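> Following this message is one structure expressed as structure tokens.
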Amino acid sequence: MRFLLLLVVFCGLAGPGRARDYYFNASDGTRLHYSEVGPKGAPIIVFVPGWTMPGWIFAPQAKYFSKKYQVVEFDPRGQGRSQVSAGGYDPVRRGEDIGELLNRLPGRVVVAGWSLGVLDTLAYIHQDGDAKLAGLVLIDNSVGENPPPVWGPYHPGPVLNHDAKMYQFVCGMFETRQSPAYLDRLTQTCLRLPEADAQALLRYPVPREQWKADLLSTRVPVLYVVRPHLAAQAENLQRDRPHTHIAVFHNAGHALFVDEAPRFNALMGHFLKNSVW
């Protein structure tokens, strides 16, 4: 009896710090995965990763925010531990997937989308509005504001197969040194999605003006975090949508929340505390 009591106490103390895995079937039958960590009943943050990426890339944020919030790391279809479906790699279906996830969660939540996850989140808003949202954090992708992103000149390199391209892409997301084991694990996870489906995700047939209109339609607090190539767009968003919070990370890679996790976490924490909850 004493052993059982101690076990219950231990589990009760350790539970909030342990990730809990959940699966659900989307309305088209695709099995989708998300993990959850943090105290039950706390305000919820949902992290949506970028192109081919798993939800666990937000591990620095899950560790930091789960002390106070309930953190959900979502694996979009074909990514992480979600099913590689035969289709649905388009903004309409991906937006629906986010909506069906949010409908499983109590109350209004903050959605933090990164890269392609920004567009997936805006696709959700386009279809369902912002009634389920308490706030938005949009990380390092265009939101359709002017001026359009300007990229540097293209310098073709050696012809690589898909696996090598993905490894190169993964390594290129970081300015800080990541361990070979981490880069290999991340690359292998990204390679779960077949090349044809991965390419489909890069061809979202939506005019960029729609992303702007969808974001401007929201009434919730927004934090827009970018690198310098999107700085002018961030300033225009703040002008067109007063009270939008913006921040520019000058010395980070695309995965800026990994490269500069302490700064990003403090920034987002301040936003959540002072503008959302």
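In the structure tokens, chains take letters A, B, ... by order of appearance, with residues numbered from 1 within each chain and ligands from 1 in the order shown.
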Within 8 Å of segment 15-36 of chain A, which residues of segment 84-166 of chain A show up? Give each one with its shortest atom-to-atom distance in Å (one decimal) and the two atoms involved, counting only C-alpha atoms, rows by chain then rising residue number, as a tab-separated table.


```
residue	atom	partner	partner_atom	distance
A:Ser85	CA	A:Thr30	CA	6.2
A:Asp97	CA	A:Ala26	CA	6.4
A:Glu100	CA	A:Ala26	CA	6.8
```

> Just list as a PyMOL selection string whatever in segment 37-259 of chain A DSSP marks as alpha helix (DSSP H).

chain A and resi 59-65+91-102+116-128+162-171+180-190+195-201+208-216+231-240+256-259

> Let's have the selection written as a compact mmCIF listing (two decimals), in the first residue's frame, with C-alpha atoms.


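out.txt, freshly written:
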```txt
# COMPACT_ATOMS: atom_id res chain seq x y z
CA ALA A 59 12.16 20.78 -28.10
CA PRO A 60 13.84 23.92 -26.66
CA GLN A 61 10.42 25.58 -26.50
CA ALA A 62 8.67 22.52 -25.06
CA LYS A 63 11.23 22.35 -22.25
CA TYR A 64 10.99 26.06 -21.51
CA PHE A 65 7.26 26.69 -21.79
CA PRO A 91 -3.10 24.41 -48.08
CA VAL A 92 -6.80 23.53 -47.86
CA ARG A 93 -6.25 20.07 -46.40
CA ARG A 94 -3.37 21.16 -44.19
CA GLY A 95 -5.50 23.99 -42.82
CA GLU A 96 -8.27 21.50 -42.12
CA ASP A 97 -5.82 19.27 -40.26
CA ILE A 98 -4.87 22.13 -37.95
CA GLY A 99 -8.52 22.94 -37.37
CA GLU A 100 -9.34 19.35 -36.48
CA LEU A 101 -6.42 19.28 -34.04
CA LEU A 102 -7.51 22.53 -32.38
CA LEU A 116 5.53 26.44 -44.07
CA GLY A 117 3.70 26.19 -40.76
CA VAL A 118 3.00 29.93 -41.10
CA LEU A 119 1.12 29.33 -44.35
CA ASP A 120 -0.63 26.24 -42.98
CA THR A 121 -1.81 28.33 -40.03
CA LEU A 122 -3.04 31.13 -42.29
CA ALA A 123 -4.82 28.52 -44.43
CA TYR A 124 -6.61 27.38 -41.27
CA ILE A 125 -7.63 30.98 -40.51
CA HIS A 126 -8.86 31.41 -44.09
CA GLN A 127 -11.27 28.53 -43.59
CA ASP A 128 -12.22 28.75 -39.91
CA HIS A 162 17.11 13.72 -52.81
CA ASP A 163 18.71 12.36 -49.65
CA ALA A 164 21.78 14.55 -50.07
CA LYS A 165 19.66 17.61 -50.84
CA MET A 166 17.64 17.09 -47.69
CA TYR A 167 20.77 16.76 -45.57
CA GLN A 168 22.13 19.95 -47.12
CA PHE A 169 18.82 21.71 -46.47
CA VAL A 170 18.73 20.60 -42.84
CA CYS A 171 22.30 21.69 -42.17
CA PRO A 180 26.06 15.27 -36.35
CA ALA A 181 23.65 12.95 -34.51
CA TYR A 182 21.02 15.71 -34.29
CA LEU A 183 21.40 16.63 -37.97
CA ASP A 184 21.24 12.99 -39.05
CA ARG A 185 18.16 12.31 -36.94
CA LEU A 186 16.42 15.41 -38.26
CA THR A 187 17.28 14.55 -41.86
CA GLN A 188 16.06 10.97 -41.56
CA THR A 189 12.80 12.20 -40.08
CA CYS A 190 12.35 14.66 -42.95
CA GLU A 195 10.11 13.50 -52.70
CA ALA A 196 7.02 14.05 -54.87
CA ASP A 197 4.90 14.95 -51.85
CA ALA A 198 7.63 17.20 -50.46
CA GLN A 199 7.72 19.04 -53.79
CA ALA A 200 3.92 19.40 -53.71
CA LEU A 201 4.25 21.28 -50.43
CA ARG A 208 0.48 35.94 -51.69
CA GLU A 209 -2.20 38.63 -51.25
CA GLN A 210 -4.44 35.98 -49.69
CA TRP A 211 -1.96 35.34 -46.87
CA LYS A 212 -1.93 39.06 -46.12
CA ALA A 213 -5.73 39.30 -46.16
CA ASP A 214 -6.05 36.28 -43.88
CA LEU A 215 -3.65 37.73 -41.32
CA LEU A 216 -5.19 41.19 -41.44
CA ALA A 231 12.38 42.94 -41.86
CA ALA A 232 10.71 45.43 -44.22
CA GLN A 233 7.70 43.15 -44.49
CA ALA A 234 7.49 43.02 -40.68
CA GLU A 235 7.56 46.81 -40.47
CA ASN A 236 4.78 47.12 -43.04
CA LEU A 237 2.71 44.52 -41.22
CA GLN A 238 3.06 46.51 -38.02
CA ARG A 239 1.94 49.63 -39.91
CA ASP A 240 -1.04 47.90 -41.55
CA LEU A 256 16.07 30.79 -35.29
CA PHE A 257 14.18 29.37 -32.30
CA VAL A 258 16.90 26.70 -32.07
CA ASP A 259 19.86 28.93 -32.92
```

> Give the strand (DSSP E or B) residues of segment 50-260 of chain A, as DSSP finds them on the backbone, and put them as a count of residues only.

28

> Which residue gives the smallest distance to Ala252 of chain A among A:Tyr69, A:Phe174, A:Tyr204, A:Phe271, with only C-alpha atoms counted?

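Counting only C-alpha atoms, the residue closest to Ala252 of chain A is A:Phe174.
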
> So how far away is atom CA of Phe58 of chain A from atom CA of Phe74 of chain A, in Å?

9.8 Å

> Measure the distance from atom CA of Asn103 of chain A to atom CA of Lys132 of chain A in Å and round it to one decimal.

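Spanning atom CA of Asn103 of chain A to atom CA of Lys132 of chain A is a straight-line distance of 8.1 Å.
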
> Atom CA of Lys67 of chain A and atom CA of Asn265 of chain A are how many Å apart?

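Going from atom CA of Lys67 of chain A over to atom CA of Asn265 of chain A covers 12.4 Å.
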
> Find the residue from A:Pro149, A:Leu136, A:Gly253, A:Thr244 that sits nearest to Arg177 of chain A; use only C-alpha atoms when measuring.

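Checking each candidate against Arg177 of chain A, we get A:Gly253 as the closest.
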
> Calculated over only C-alpha atoms, which of the candidates A:Ala42, A:Val150, A:Leu193, A:Leu105 has the smallest distance to Gln79 of chain A?

A:Leu193

> What are the closest atom pairs, with distances in Å to one decimal, for each residue of segment 123-220 of chain A lying within 6 Å of segment 108-112 of chain A, using only C-alpha atoms, rows by chain and rising residue number, as a Markdown table?


```
| residue | atom | partner | partner_atom | distance |
| --- | --- | --- | --- | --- |
| A:Lys132 | CA | A:Arg108 | CA | 4.8 |
| A:Leu133 | CA | A:Arg108 | CA | 5.0 |
| A:Ala134 | CA | A:Val109 | CA | 5.0 |
| A:Gly135 | CA | A:Val110 | CA | 4.6 |
| A:Leu136 | CA | A:Val111 | CA | 5.2 |
| A:Val137 | CA | A:Ala112 | CA | 4.4 |
| A:Leu138 | CA | A:Ala112 | CA | 5.8 |
```
